[in-house]
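Structure data follow from upload14.cif (mmCIF, C-alpha atoms):
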```
data_final
#
loop_
_atom_site.label_atom_id
_atom_site.label_comp_id
_atom_site.auth_asym_id
_atom_site.auth_seq_id
_atom_site.Cartn_x
_atom_site.Cartn_y
_atom_site.Cartn_z
CA MET A 1 -29.85 -20.00 10.94
CA LYS A 2 -27.87 -20.13 14.17
CA LYS A 3 -27.96 -17.13 16.50
CA ILE A 4 -24.52 -16.24 17.84
CA LEU A 5 -23.77 -14.47 21.11
CA VAL A 6 -20.21 -13.17 21.55
CA ILE A 7 -19.21 -12.35 25.13
CA ASN A 8 -15.94 -10.61 25.96
CA ALA A 9 -14.62 -10.49 29.53
CA SER A 10 -11.27 -8.75 29.13
CA ALA A 11 -10.81 -5.38 30.82
CA ARG A 12 -8.37 -4.44 28.07
CA GLY A 13 -9.39 -3.18 24.66
CA GLU A 14 -7.13 -3.47 21.65
CA ARG A 15 -4.30 -5.02 23.65
CA SER A 16 -6.49 -7.94 24.76
CA HIS A 17 -5.50 -11.35 23.42
CA SER A 18 -8.83 -13.01 24.21
CA ARG A 19 -10.61 -10.26 22.23
CA ARG A 20 -8.38 -11.07 19.27
CA LEU A 21 -9.57 -14.66 19.49
CA THR A 22 -13.24 -13.65 19.42
CA ASP A 23 -12.42 -11.25 16.56
CA ILE A 24 -10.94 -14.13 14.56
CA PHE A 25 -14.05 -16.20 15.27
CA VAL A 26 -16.42 -13.41 14.21
CA GLU A 27 -14.47 -12.48 11.07
CA TYR A 28 -14.23 -16.01 9.77
CA TYR A 29 -17.80 -16.92 10.69
CA LYS A 30 -19.13 -13.79 8.97
CA GLU A 31 -17.07 -14.61 5.90
CA CYS A 32 -18.75 -18.03 5.71
CA LYS A 33 -22.24 -17.03 6.90
CA PRO A 34 -22.67 -13.32 6.14
CA GLU A 35 -26.37 -13.28 7.09
CA SER A 36 -26.08 -14.90 10.51
CA PRO A 37 -27.18 -12.66 13.36
CA ILE A 38 -24.40 -11.92 15.86
CA LYS A 39 -25.02 -10.23 19.19
CA PHE A 40 -22.24 -8.81 21.37
CA ARG A 41 -22.06 -8.56 25.16
CA ASP A 42 -19.08 -6.67 26.44
CA LEU A 43 -18.56 -7.58 30.09
CA GLY A 44 -15.00 -6.28 30.28
CA THR A 45 -15.95 -2.64 29.88
CA SER A 46 -19.25 -2.93 31.75
CA ASN A 47 -19.91 -3.02 35.43
CA ILE A 48 -21.95 -6.15 36.09
CA PRO A 49 -23.00 -5.81 39.75
CA HIS A 50 -22.22 -8.36 42.43
CA ILE A 51 -25.35 -10.19 43.58
CA ASN A 52 -26.68 -8.85 46.90
CA ASP A 53 -29.02 -10.03 49.67
CA LYS A 54 -32.09 -8.71 47.83
CA TRP A 55 -31.03 -10.69 44.74
CA ILE A 56 -30.69 -13.88 46.76
CA ALA A 57 -33.97 -13.40 48.63
CA GLY A 58 -35.82 -12.68 45.37
CA ALA A 59 -34.29 -15.50 43.34
CA PHE A 60 -35.51 -18.16 45.76
CA LYS A 61 -39.13 -16.90 45.71
CA PRO A 62 -41.83 -17.28 43.06
CA GLU A 63 -42.00 -14.17 40.87
CA GLY A 64 -45.34 -13.01 42.27
CA GLU A 65 -44.07 -12.92 45.86
CA ARG A 66 -41.07 -10.67 45.23
CA THR A 67 -40.89 -7.15 46.63
CA THR A 68 -40.22 -4.24 44.25
CA GLU A 69 -36.64 -4.08 45.54
CA GLU A 70 -36.09 -7.80 44.93
CA THR A 71 -37.45 -7.55 41.38
CA GLU A 72 -35.18 -4.56 40.78
CA ALA A 73 -32.15 -6.51 42.10
CA LEU A 74 -32.93 -9.31 39.60
CA LYS A 75 -33.34 -7.02 36.58
CA ILE A 76 -29.86 -7.39 35.07
CA SER A 77 -29.97 -11.12 35.76
CA ALA A 78 -33.25 -11.38 33.80
CA GLU A 79 -31.78 -9.46 30.88
CA LEU A 80 -28.59 -11.56 30.75
CA ILE A 81 -30.50 -14.85 31.03
CA LYS A 82 -32.92 -13.85 28.25
CA GLU A 83 -29.97 -13.07 25.99
CA LEU A 84 -28.29 -16.39 26.83
CA LYS A 85 -31.50 -18.39 26.24
CA ASN A 86 -31.91 -16.69 22.89
CA ALA A 87 -28.49 -17.80 21.56
CA ASP A 88 -27.66 -21.08 19.82
CA VAL A 89 -23.91 -20.58 19.89
CA ILE A 90 -22.07 -18.76 22.67
CA VAL A 91 -18.53 -17.53 22.05
CA LEU A 92 -16.87 -16.54 25.31
CA GLY A 93 -13.54 -14.74 25.19
CA SER A 94 -11.82 -14.46 28.56
CA PRO A 95 -8.36 -13.85 29.97
CA MET A 96 -7.11 -15.57 33.11
CA TYR A 97 -6.82 -13.05 35.96
CA ASN A 98 -5.10 -14.40 39.04
CA TRP A 99 -5.57 -18.04 37.95
CA SER A 100 -9.34 -17.73 37.53
CA VAL A 101 -11.81 -15.67 35.52
CA PRO A 102 -11.93 -11.85 35.80
CA SER A 103 -14.26 -10.75 38.61
CA VAL A 104 -16.68 -9.28 36.06
CA LEU A 105 -17.10 -12.73 34.49
CA LYS A 106 -17.68 -14.23 37.95
CA ALA A 107 -20.29 -11.52 38.52
CA TYR A 108 -21.92 -12.56 35.21
CA ILE A 109 -21.88 -16.23 36.29
CA ASP A 110 -23.47 -15.32 39.65
CA GLN A 111 -26.15 -13.36 37.74
CA VAL A 112 -27.04 -16.12 35.22
CA LEU A 113 -26.88 -19.24 37.38
CA ARG A 114 -30.36 -18.90 38.80
CA VAL A 115 -32.72 -21.51 40.19
CA ASN A 116 -35.82 -22.20 38.04
CA GLU A 117 -34.38 -20.01 35.28
CA THR A 118 -31.21 -21.77 34.12
CA TRP A 119 -31.20 -24.79 36.49
CA GLU A 120 -33.66 -26.53 38.75
CA VAL A 121 -33.36 -28.73 41.80
CA ASN A 122 -33.22 -32.49 41.26
CA ARG A 123 -34.79 -33.77 44.48
CA GLU A 124 -33.98 -37.39 43.68
CA ASP A 125 -30.23 -37.10 44.07
CA GLN A 126 -28.72 -35.07 46.91
CA LYS A 127 -25.24 -35.67 45.46
CA ASN A 128 -26.20 -34.23 42.09
CA PRO A 129 -29.11 -31.89 42.73
CA TYR A 130 -28.95 -29.80 39.54
CA ILE A 131 -30.85 -30.12 36.28
CA GLY A 132 -29.71 -27.72 33.57
CA LEU A 133 -32.55 -25.92 31.79
CA LEU A 134 -30.72 -24.63 28.71
CA LYS A 135 -30.81 -27.02 25.77
CA ASN A 136 -29.17 -27.40 22.36
CA LYS A 137 -26.52 -24.78 22.81
CA SER A 138 -22.83 -24.95 22.07
CA LEU A 139 -20.13 -22.93 23.77
CA TYR A 140 -16.71 -21.91 22.47
CA LEU A 141 -14.29 -20.90 25.22
CA LEU A 142 -11.58 -18.69 23.75
CA LEU A 143 -9.11 -18.20 26.57
CA SER A 144 -5.87 -16.32 27.05
CA ARG A 145 -3.29 -16.71 29.80
CA GLY A 146 -0.15 -14.79 30.62
CA ALA A 147 1.90 -17.89 31.43
CA GLN A 148 2.11 -21.43 30.09
CA GLY A 149 1.68 -25.00 31.32
CA TYR A 150 -2.01 -24.82 32.28
CA GLU A 151 -3.10 -27.71 30.03
CA LYS A 152 -3.84 -31.21 31.40
CA GLY A 153 -0.53 -32.62 32.61
CA GLY A 154 1.18 -29.20 32.39
CA TYR A 155 3.30 -27.83 35.22
CA ASN A 156 0.66 -25.22 36.04
CA GLU A 157 -2.40 -27.49 35.73
CA HIS A 158 -3.02 -27.33 39.51
CA MET A 159 -3.27 -23.54 39.21
CA ASN A 160 -5.80 -23.53 36.38
CA PHE A 161 -9.03 -22.36 38.01
CA GLN A 162 -10.27 -21.09 34.64
CA SER A 163 -10.98 -23.90 32.09
CA ASP A 164 -12.54 -26.58 34.29
CA TYR A 165 -14.31 -23.94 36.30
CA LEU A 166 -16.04 -22.49 33.25
CA LYS A 167 -16.95 -25.97 31.99
CA THR A 168 -18.38 -26.83 35.41
CA VAL A 169 -20.71 -23.84 35.65
CA PHE A 170 -21.93 -24.03 32.05
CA ASN A 171 -22.53 -27.78 32.45
CA ILE A 172 -24.74 -27.01 35.45
CA ILE A 173 -27.11 -24.92 33.32
CA GLY A 174 -27.25 -27.55 30.58
CA ILE A 175 -24.51 -26.40 28.21
CA THR A 176 -22.36 -29.49 27.75
CA ASP A 177 -21.25 -29.09 24.15
CA ILE A 178 -18.09 -27.09 24.88
CA GLU A 179 -14.87 -26.52 22.94
CA GLU A 180 -11.82 -24.72 24.32
CA VAL A 181 -9.10 -22.89 22.45
CA SER A 182 -6.42 -21.12 24.46
CA VAL A 183 -3.45 -18.91 23.75
CA ASN A 184 -0.76 -19.01 26.41
CA GLY A 185 2.42 -17.22 27.40
CA GLU A 186 1.63 -13.59 26.55
CA ALA A 187 3.77 -12.40 29.45
CA PHE A 188 6.86 -13.86 27.81
CA GLY A 189 6.23 -12.40 24.35
CA SER A 190 8.62 -13.80 21.78
CA GLU A 191 8.30 -15.85 18.66
CA GLU A 192 6.89 -18.74 20.66
CA PHE A 193 3.85 -16.64 21.56
CA GLU A 194 3.35 -15.56 17.94
CA LEU A 195 3.35 -19.23 17.00
CA ALA A 196 0.83 -19.98 19.78
CA ARG A 197 -1.43 -17.24 18.38
CA LYS A 198 -1.24 -18.57 14.82
CA ASN A 199 -2.02 -22.01 16.13
CA SER A 200 -5.09 -20.89 18.12
CA ASN A 201 -6.38 -18.88 15.15
CA ALA A 202 -6.13 -21.99 12.97
CA GLN A 203 -7.94 -24.07 15.59
CA ILE A 204 -10.81 -21.57 15.70
CA LYS A 205 -11.24 -21.66 11.92
CA GLU A 206 -11.13 -25.45 11.94
CA LEU A 207 -13.84 -25.63 14.64
CA ILE A 208 -16.09 -23.28 12.66
CA LYS A 209 -15.50 -25.28 9.48
CA THR A 210 -16.21 -28.68 10.99
CA GLN A 211 -18.96 -27.78 13.47
CA LEU A 212 -20.86 -24.71 12.30
CA LEU A 213 -20.95 -24.68 8.51
CA MET B 1 -0.07 -7.65 70.26
CA LYS B 2 -1.37 -9.12 67.02
CA LYS B 3 -3.46 -6.94 64.71
CA ILE B 4 -6.49 -8.77 63.37
CA LEU B 5 -8.31 -8.05 60.10
CA VAL B 6 -11.71 -9.69 59.67
CA ILE B 7 -13.00 -9.82 56.09
CA ASN B 8 -16.55 -10.94 55.27
CA ALA B 9 -17.57 -11.77 51.70
CA SER B 10 -21.15 -12.97 52.10
CA ALA B 11 -23.89 -10.93 50.41
CA ARG B 12 -26.25 -12.05 53.16
CA GLY B 13 -26.43 -10.42 56.55
CA GLU B 14 -27.82 -12.27 59.57
CA ARG B 15 -28.68 -15.36 57.57
CA SER B 16 -25.06 -15.83 56.46
CA HIS B 17 -23.32 -18.93 57.80
CA SER B 18 -19.80 -17.71 57.00
CA ARG B 19 -20.52 -14.52 58.99
CA ARG B 20 -21.50 -16.69 61.95
CA LEU B 21 -18.09 -18.35 61.71
CA THR B 22 -16.23 -15.02 61.78
CA ASP B 23 -18.53 -13.93 64.67
CA ILE B 24 -17.48 -17.01 66.65
CA PHE B 25 -13.84 -16.22 65.93
CA VAL B 26 -14.16 -12.59 67.01
CA GLU B 27 -16.18 -13.34 70.16
CA TYR B 28 -13.81 -15.99 71.43
CA TYR B 29 -10.69 -14.06 70.51
CA LYS B 30 -11.99 -10.92 72.25
CA GLU B 31 -12.83 -12.98 75.31
CA CYS B 32 -9.21 -14.18 75.47
CA LYS B 33 -7.51 -10.99 74.29
CA PRO B 34 -9.82 -8.08 75.06
CA GLU B 35 -7.26 -5.40 74.13
CA SER B 36 -6.34 -6.74 70.70
CA PRO B 37 -7.18 -4.36 67.85
CA ILE B 38 -9.66 -5.85 65.37
CA LYS B 39 -10.45 -4.19 62.05
CA PHE B 40 -13.42 -5.19 59.87
CA ARG B 41 -13.72 -5.12 56.09
CA ASP B 42 -17.18 -5.94 54.81
CA LEU B 43 -16.89 -6.93 51.15
CA GLY B 44 -20.32 -8.57 50.96
CA THR B 45 -22.26 -5.36 51.37
CA SER B 46 -19.75 -3.18 49.50
CA ASN B 47 -19.24 -2.77 45.82
CA ILE B 48 -15.56 -3.48 45.17
CA PRO B 49 -15.08 -2.49 41.50
CA HIS B 50 -13.79 -4.82 38.82
CA ILE B 51 -10.31 -3.84 37.67
CA ASN B 52 -10.36 -1.96 34.35
CA ASP B 53 -7.89 -1.09 31.58
CA LYS B 54 -6.66 2.02 33.42
CA TRP B 55 -5.98 -0.13 36.50
CA ILE B 56 -3.95 -2.61 34.47
CA ALA B 57 -2.00 0.08 32.59
CA GLY B 58 -1.21 1.91 35.86
CA ALA B 59 -0.26 -1.17 37.89
CA PHE B 60 2.48 -2.15 35.46
CA LYS B 61 4.12 1.33 35.50
CA PRO B 62 6.30 3.00 38.14
CA GLU B 63 4.17 5.29 40.34
CA GLY B 64 5.68 8.49 38.93
CA GLU B 65 4.72 7.64 35.35
CA ARG B 66 1.02 7.06 36.00
CA THR B 67 -1.63 9.41 34.61
CA THR B 68 -4.17 10.95 36.99
CA GLU B 69 -6.78 8.51 35.70
CA GLU B 70 -4.52 5.53 36.32
CA THR B 71 -3.72 6.67 39.86
CA GLU B 72 -7.46 7.12 40.47
CA ALA B 73 -8.18 3.59 39.16
CA LEU B 74 -5.64 2.18 41.64
CA LYS B 75 -6.98 4.08 44.66
CA ILE B 76 -9.14 1.31 46.16
CA SER B 77 -6.39 -1.21 45.48
CA ALA B 78 -3.92 0.93 47.44
CA GLU B 79 -6.32 1.21 50.37
CA LEU B 80 -7.04 -2.54 50.49
CA ILE B 81 -3.35 -3.47 50.19
CA LYS B 82 -2.38 -1.06 52.98
CA GLU B 83 -5.00 -2.63 55.23
CA LEU B 84 -3.78 -6.15 54.39
CA LYS B 85 -0.12 -5.24 54.98
CA ASN B 86 -1.03 -3.78 58.32
CA ALA B 87 -2.61 -7.00 59.65
CA ASP B 88 -0.85 -9.89 61.37
CA VAL B 89 -3.82 -12.23 61.30
CA ILE B 90 -6.42 -12.27 58.53
CA VAL B 91 -9.76 -13.94 59.15
CA LEU B 92 -11.65 -14.42 55.90
CA GLY B 93 -15.28 -15.53 56.01
CA SER B 94 -16.68 -16.56 52.65
CA PRO B 95 -19.54 -18.59 51.25
CA MET B 96 -19.19 -20.70 48.10
CA TYR B 97 -21.20 -19.13 45.26
CA ASN B 98 -21.44 -21.29 42.17
CA TRP B 99 -18.52 -23.50 43.25
CA SER B 100 -16.10 -20.60 43.66
CA VAL B 101 -15.83 -17.39 45.69
CA PRO B 102 -18.49 -14.63 45.42
CA SER B 103 -17.65 -12.19 42.62
CA VAL B 104 -17.01 -9.45 45.16
CA LEU B 105 -14.24 -11.55 46.74
CA LYS B 106 -12.77 -12.18 43.27
CA ALA B 107 -12.87 -8.41 42.71
CA TYR B 108 -11.00 -7.99 46.02
CA ILE B 109 -8.39 -10.57 44.93
CA ASP B 110 -7.95 -8.79 41.58
CA GLN B 111 -7.46 -5.51 43.49
CA VAL B 112 -4.89 -6.81 46.00
CA LEU B 113 -2.75 -9.09 43.83
CA ARG B 114 -0.57 -6.37 42.42
CA VAL B 115 2.94 -6.49 41.01
CA ASN B 116 5.60 -4.77 43.17
CA GLU B 117 3.03 -4.28 45.92
CA THR B 118 2.08 -7.79 47.08
CA TRP B 119 4.21 -9.89 44.70
CA GLU B 120 7.18 -9.35 42.44
CA VAL B 121 8.55 -11.08 39.39
CA ASN B 122 11.14 -13.81 39.92
CA ARG B 123 13.14 -13.57 36.70
CA GLU B 124 15.18 -16.67 37.49
CA ASP B 125 12.37 -19.15 37.08
CA GLN B 126 9.84 -18.82 34.26
CA LYS B 127 7.85 -21.72 35.70
CA ASN B 128 7.50 -20.05 39.08
CA PRO B 129 7.85 -16.33 38.43
CA TYR B 130 6.24 -15.01 41.65
CA ILE B 131 7.81 -13.86 44.89
CA GLY B 132 5.30 -13.00 47.60
CA LEU B 133 5.99 -9.72 49.39
CA LEU B 134 3.80 -10.15 52.47
CA LYS B 135 5.59 -11.77 55.39
CA ASN B 136 4.74 -13.21 58.82
CA LYS B 137 0.99 -13.28 58.38
CA SER B 138 -1.46 -16.05 59.10
CA LEU B 139 -4.79 -16.56 57.40
CA TYR B 140 -7.90 -18.30 58.71
CA LEU B 141 -10.32 -19.30 55.96
CA LEU B 142 -13.80 -19.70 57.45
CA LEU B 143 -15.89 -21.12 54.62
CA SER B 144 -19.50 -22.12 54.15
CA ARG B 145 -21.03 -24.24 51.38
CA GLY B 146 -24.60 -25.13 50.57
CA ALA B 147 -23.82 -28.76 49.75
CA GLN B 148 -21.42 -31.39 51.09
CA GLY B 149 -18.57 -33.58 49.85
CA TYR B 150 -16.13 -30.80 48.90
CA GLU B 151 -13.31 -32.03 51.13
CA LYS B 152 -10.27 -33.94 49.73
CA GLY B 153 -11.58 -37.30 48.53
CA GLY B 154 -15.21 -36.13 48.75
CA TYR B 155 -17.68 -36.69 45.91
CA ASN B 156 -17.71 -32.97 45.12
CA GLU B 157 -13.95 -32.36 45.41
CA HIS B 158 -13.66 -31.80 41.63
CA MET B 159 -16.19 -28.98 41.96
CA ASN B 160 -14.41 -27.18 44.78
CA PHE B 161 -12.99 -24.04 43.17
CA GLN B 162 -13.03 -22.28 46.54
CA SER B 163 -10.52 -23.75 49.08
CA ASP B 164 -7.53 -24.51 46.86
CA TYR B 165 -8.18 -21.37 44.86
CA LEU B 166 -8.00 -19.14 47.93
CA LYS B 167 -4.87 -20.93 49.18
CA THR B 168 -3.25 -20.49 45.76
CA VAL B 169 -3.77 -16.73 45.54
CA PHE B 170 -2.77 -16.01 49.14
CA ASN B 171 0.33 -18.20 48.72
CA ILE B 172 1.32 -16.07 45.73
CA ILE B 173 1.48 -12.91 47.86
CA GLY B 174 3.46 -14.67 50.59
CA ILE B 175 0.74 -15.83 52.97
CA THR B 176 1.44 -19.53 53.40
CA ASP B 177 0.40 -20.06 57.01
CA ILE B 178 -3.25 -20.91 56.27
CA GLU B 179 -5.90 -22.82 58.23
CA GLU B 180 -9.32 -23.75 56.84
CA VAL B 181 -12.54 -24.41 58.73
CA SER B 182 -15.68 -25.09 56.73
CA VAL B 183 -19.33 -25.67 57.45
CA ASN B 184 -21.15 -27.65 54.77
CA GLY B 185 -24.66 -28.67 53.79
CA GLU B 186 -26.70 -25.58 54.65
CA ALA B 187 -29.06 -26.27 51.75
CA PHE B 188 -30.18 -29.50 53.39
CA GLY B 189 -30.77 -28.02 56.86
CA SER B 190 -31.42 -30.78 59.41
CA GLU B 191 -29.69 -31.97 62.53
CA GLU B 192 -26.67 -32.97 60.51
CA PHE B 193 -26.05 -29.33 59.62
CA GLU B 194 -26.46 -28.23 63.24
CA LEU B 195 -23.83 -30.79 64.17
CA ALA B 196 -21.54 -29.50 61.40
CA ARG B 197 -21.92 -25.97 62.82
CA LYS B 198 -21.09 -27.05 66.36
CA ASN B 199 -18.08 -28.89 65.03
CA SER B 200 -16.76 -25.91 63.06
CA ASN B 201 -17.28 -23.59 66.04
CA ALA B 202 -15.23 -25.94 68.20
CA GLN B 203 -12.50 -26.10 65.56
CA ILE B 204 -12.27 -22.29 65.48
CA LYS B 205 -11.88 -22.06 69.27
CA GLU B 206 -9.25 -24.81 69.22
CA LEU B 207 -7.25 -22.97 66.52
CA ILE B 208 -7.34 -19.73 68.51
CA LYS B 209 -6.30 -21.55 71.68
CA THR B 210 -3.39 -23.43 70.14
CA GLN B 211 -2.12 -20.82 67.68
CA LEU B 212 -2.98 -17.33 68.86
CA LEU B 213 -2.93 -17.26 72.65
#
```
For this file, produce the structure as structure tokens.
Amino acid sequence: MKKILVINASARGERSHSRRLTDIFVEYYKECKPESPIKFRDLGTSNIPHINDKWIAGAFKPEGERTTEETEALKISAELIKELKNADVIVLGSPMYNWSVPSVLKAYIDQVLRVNETWEVNREDQKNPYIGLLKNKSLYLLLSRGAQGYEKGGYNEHMNFQSDYLKTVFNIIGITDIEEVSVNGEAFGSEEFELARKNSNAQIKELIKTQLL
Amino acid sequence: MKKILVINASARGERSHSRRLTDIFVEYYKECKPESPIKFRDLGTSNIPHINDKWIAGAFKPEGERTTEETEALKISAELIKELKNADVIVLGSPMYNWSVPSVLKAYIDQVLRVNETWEVNREDQKNPYIGLLKNKSLYLLLSRGAQGYEKGGYNEHMNFQSDYLKTVFNIIGITDIEEVSVNGEAFGSEEFELARKNSNAQIKELIKTQLL
């Protein structure tokens, strides 16, 4: 039975559109697989710390050589990595804030991309020196954006530092099986946005049906 | 006399390469213009908070309609925006962390990109709905990266979510006069990196000489 980890990055609660996407995922998945274990990680209402100099110094040392302060600085990182390693399916709901991910999601990324934990150095290729250490995981990116045109070929593609960025960092740690569903144009409201929502909800159900059941 | 604001985003202290770049800038500029006021904002060792739901609710309301909690949530934002508005020249030193900016710099960006403060809505063009409110400022991006090949046409260009991202967000708030100097390849040490450092130091002095004196 697959273990699911649902991560939400929106700072908003009920008014969040990315949270609605993860809700749709969870509801439908539970309906189909009522016994599957689902874990939740709420980044949006938490305060994931920025990595600091102690974190960096500790991360690049073997565990036994770390000072107490360095070990302390790596504590949240260790907890988040353990949780990520333990999941088979990761469902990440995130809004676009200022054309990228919310800072709390960047803080999460800085905490979980860690040498010898989620990636290791490939000394044979200076141009591609990363080997991802996480295996057999799939990731569902459920993204919301205030405006439109961020898809490939869209008029805002050059300002999308969200989709490809997330794919890049998760690829680095070995998660390459990634699907993306996005809902766009919240800022403009209207019937068009309602249609976009219906469409993304249908896509999520279809992905669950074809890939997870 | 130009007012300078120097922002550092590296979590590292003396071992930071981006801090060395801002040091070079400050030293040479002071040498040429000893009376110029220089203000420092250290993000790397601070804990700029992630924006939260109160922040978002407050930012989209007129000041007089905000609750006490919302005003409180916007306090750091107000302070950072005031500081930015007050500067003529912004010198931003930042490392690349996981192919983007450190989370603390993203938190700073989320705090300072604020409707009716640093940008306003352009209702005439849904495809380009932003009007930057900051005027007559220049920005020097002094960037460091562990690996190489992130320049236009380089083998890592597709993984550079740092340079174009920073230009994009500062353009939005009206800062379009931007120069970038980067030092690359720290992770590989060697003479090549020493040469890269010398080169970037020379570039910084040349920019000061031709643009600021």
So what does the PyMOL selection byres ((chain B) within 10 of (chain A)) actually pick up in this one, as a ChimeraX atom specification?
/B:10-13,15-16,44-57,97-111,113-114,126-129,147-149,155-156,158-162,164-165,168-169,172,188
Please dump the current selection as a PDB file, in the coordinates of the input; keep C-alpha atoms.
```pdb
ATOM      1  CA  SER B  10     -21.150 -12.970  52.100  1.00  0.00           C
ATOM      2  CA  ALA B  11     -23.890 -10.930  50.410  1.00  0.00           C
ATOM      3  CA  ARG B  12     -26.250 -12.050  53.160  1.00  0.00           C
ATOM      4  CA  GLY B  13     -26.430 -10.420  56.550  1.00  0.00           C
ATOM      5  CA  ARG B  15     -28.680 -15.360  57.570  1.00  0.00           C
ATOM      6  CA  SER B  16     -25.060 -15.830  56.460  1.00  0.00           C
ATOM      7  CA  GLY B  44     -20.320  -8.570  50.960  1.00  0.00           C
ATOM      8  CA  THR B  45     -22.260  -5.360  51.370  1.00  0.00           C
ATOM      9  CA  SER B  46     -19.750  -3.180  49.500  1.00  0.00           C
ATOM     10  CA  ASN B  47     -19.240  -2.770  45.820  1.00  0.00           C
ATOM     11  CA  ILE B  48     -15.560  -3.480  45.170  1.00  0.00           C
ATOM     12  CA  PRO B  49     -15.080  -2.490  41.500  1.00  0.00           C
ATOM     13  CA  HIS B  50     -13.790  -4.820  38.820  1.00  0.00           C
ATOM     14  CA  ILE B  51     -10.310  -3.840  37.670  1.00  0.00           C
ATOM     15  CA  ASN B  52     -10.360  -1.960  34.350  1.00  0.00           C
ATOM     16  CA  ASP B  53      -7.890  -1.090  31.580  1.00  0.00           C
ATOM     17  CA  LYS B  54      -6.660   2.020  33.420  1.00  0.00           C
ATOM     18  CA  TRP B  55      -5.980  -0.130  36.500  1.00  0.00           C
ATOM     19  CA  ILE B  56      -3.950  -2.610  34.470  1.00  0.00           C
ATOM     20  CA  ALA B  57      -2.000   0.080  32.590  1.00  0.00           C
ATOM     21  CA  TYR B  97     -21.200 -19.130  45.260  1.00  0.00           C
ATOM     22  CA  ASN B  98     -21.440 -21.290  42.170  1.00  0.00           C
ATOM     23  CA  TRP B  99     -18.520 -23.500  43.250  1.00  0.00           C
ATOM     24  CA  SER B 100     -16.100 -20.600  43.660  1.00  0.00           C
ATOM     25  CA  VAL B 101     -15.830 -17.390  45.690  1.00  0.00           C
ATOM     26  CA  PRO B 102     -18.490 -14.630  45.420  1.00  0.00           C
ATOM     27  CA  SER B 103     -17.650 -12.190  42.620  1.00  0.00           C
ATOM     28  CA  VAL B 104     -17.010  -9.450  45.160  1.00  0.00           C
ATOM     29  CA  LEU B 105     -14.240 -11.550  46.740  1.00  0.00           C
ATOM     30  CA  LYS B 106     -12.770 -12.180  43.270  1.00  0.00           C
ATOM     31  CA  ALA B 107     -12.870  -8.410  42.710  1.00  0.00           C
ATOM     32  CA  TYR B 108     -11.000  -7.990  46.020  1.00  0.00           C
ATOM     33  CA  ILE B 109      -8.390 -10.570  44.930  1.00  0.00           C
ATOM     34  CA  ASP B 110      -7.950  -8.790  41.580  1.00  0.00           C
ATOM     35  CA  GLN B 111      -7.460  -5.510  43.490  1.00  0.00           C
ATOM     36  CA  LEU B 113      -2.750  -9.090  43.830  1.00  0.00           C
ATOM     37  CA  ARG B 114      -0.570  -6.370  42.420  1.00  0.00           C
ATOM     38  CA  GLN B 126       9.840 -18.820  34.260  1.00  0.00           C
ATOM     39  CA  LYS B 127       7.850 -21.720  35.700  1.00  0.00           C
ATOM     40  CA  ASN B 128       7.500 -20.050  39.080  1.00  0.00           C
ATOM     41  CA  PRO B 129       7.850 -16.330  38.430  1.00  0.00           C
ATOM     42  CA  ALA B 147     -23.820 -28.760  49.750  1.00  0.00           C
ATOM     43  CA  GLN B 148     -21.420 -31.390  51.090  1.00  0.00           C
ATOM     44  CA  GLY B 149     -18.570 -33.580  49.850  1.00  0.00           C
ATOM     45  CA  TYR B 155     -17.680 -36.690  45.910  1.00  0.00           C
ATOM     46  CA  ASN B 156     -17.710 -32.970  45.120  1.00  0.00           C
ATOM     47  CA  HIS B 158     -13.660 -31.800  41.630  1.00  0.00           C
ATOM     48  CA  MET B 159     -16.190 -28.980  41.960  1.00  0.00           C
ATOM     49  CA  ASN B 160     -14.410 -27.180  44.780  1.00  0.00           C
ATOM     50  CA  PHE B 161     -12.990 -24.040  43.170  1.00  0.00           C
ATOM     51  CA  GLN B 162     -13.030 -22.280  46.540  1.00  0.00           C
ATOM     52  CA  ASP B 164      -7.530 -24.510  46.860  1.00  0.00           C
ATOM     53  CA  TYR B 165      -8.180 -21.370  44.860  1.00  0.00           C
ATOM     54  CA  THR B 168      -3.250 -20.490  45.760  1.00  0.00           C
ATOM     55  CA  VAL B 169      -3.770 -16.730  45.540  1.00  0.00           C
ATOM     56  CA  ILE B 172       1.320 -16.070  45.730  1.00  0.00           C
ATOM     57  CA  PHE B 188     -30.180 -29.500  53.390  1.00  0.00           C
TER      58      PHE B 188
END
```
Run through the PyMOL selection byres ((chain B and resi 197-208) around 7) on the given coordinates and return the selected residues as a short mmCIF file (atom, residue, chain, number, x, y, z; two decimals) with C-alpha atoms, keeping the file's coordinate frame.
```
data_model
loop_
_atom_site.label_atom_id
_atom_site.label_comp_id
_atom_site.auth_asym_id
_atom_site.auth_seq_id
_atom_site.Cartn_x
_atom_site.Cartn_y
_atom_site.Cartn_z
CA LEU B 21 -18.09 -18.35 61.71
CA ILE B 24 -17.48 -17.01 66.65
CA PHE B 25 -13.84 -16.22 65.93
CA TYR B 28 -13.81 -15.99 71.43
CA TYR B 29 -10.69 -14.06 70.51
CA VAL B 181 -12.54 -24.41 58.73
CA SER B 182 -15.68 -25.09 56.73
CA VAL B 183 -19.33 -25.67 57.45
CA PHE B 193 -26.05 -29.33 59.62
CA GLU B 194 -26.46 -28.23 63.24
CA LEU B 195 -23.83 -30.79 64.17
CA ALA B 196 -21.54 -29.50 61.40
CA LYS B 209 -6.30 -21.55 71.68
CA THR B 210 -3.39 -23.43 70.14
CA GLN B 211 -2.12 -20.82 67.68
CA LEU B 212 -2.98 -17.33 68.86
CA LEU B 213 -2.93 -17.26 72.65
#
```
Apply the PyMOL selection byres ((chain A and resi 2) around 6) to the structure shown and report the selected residues as a ChimeraX atom specification.
/A:1,3,88
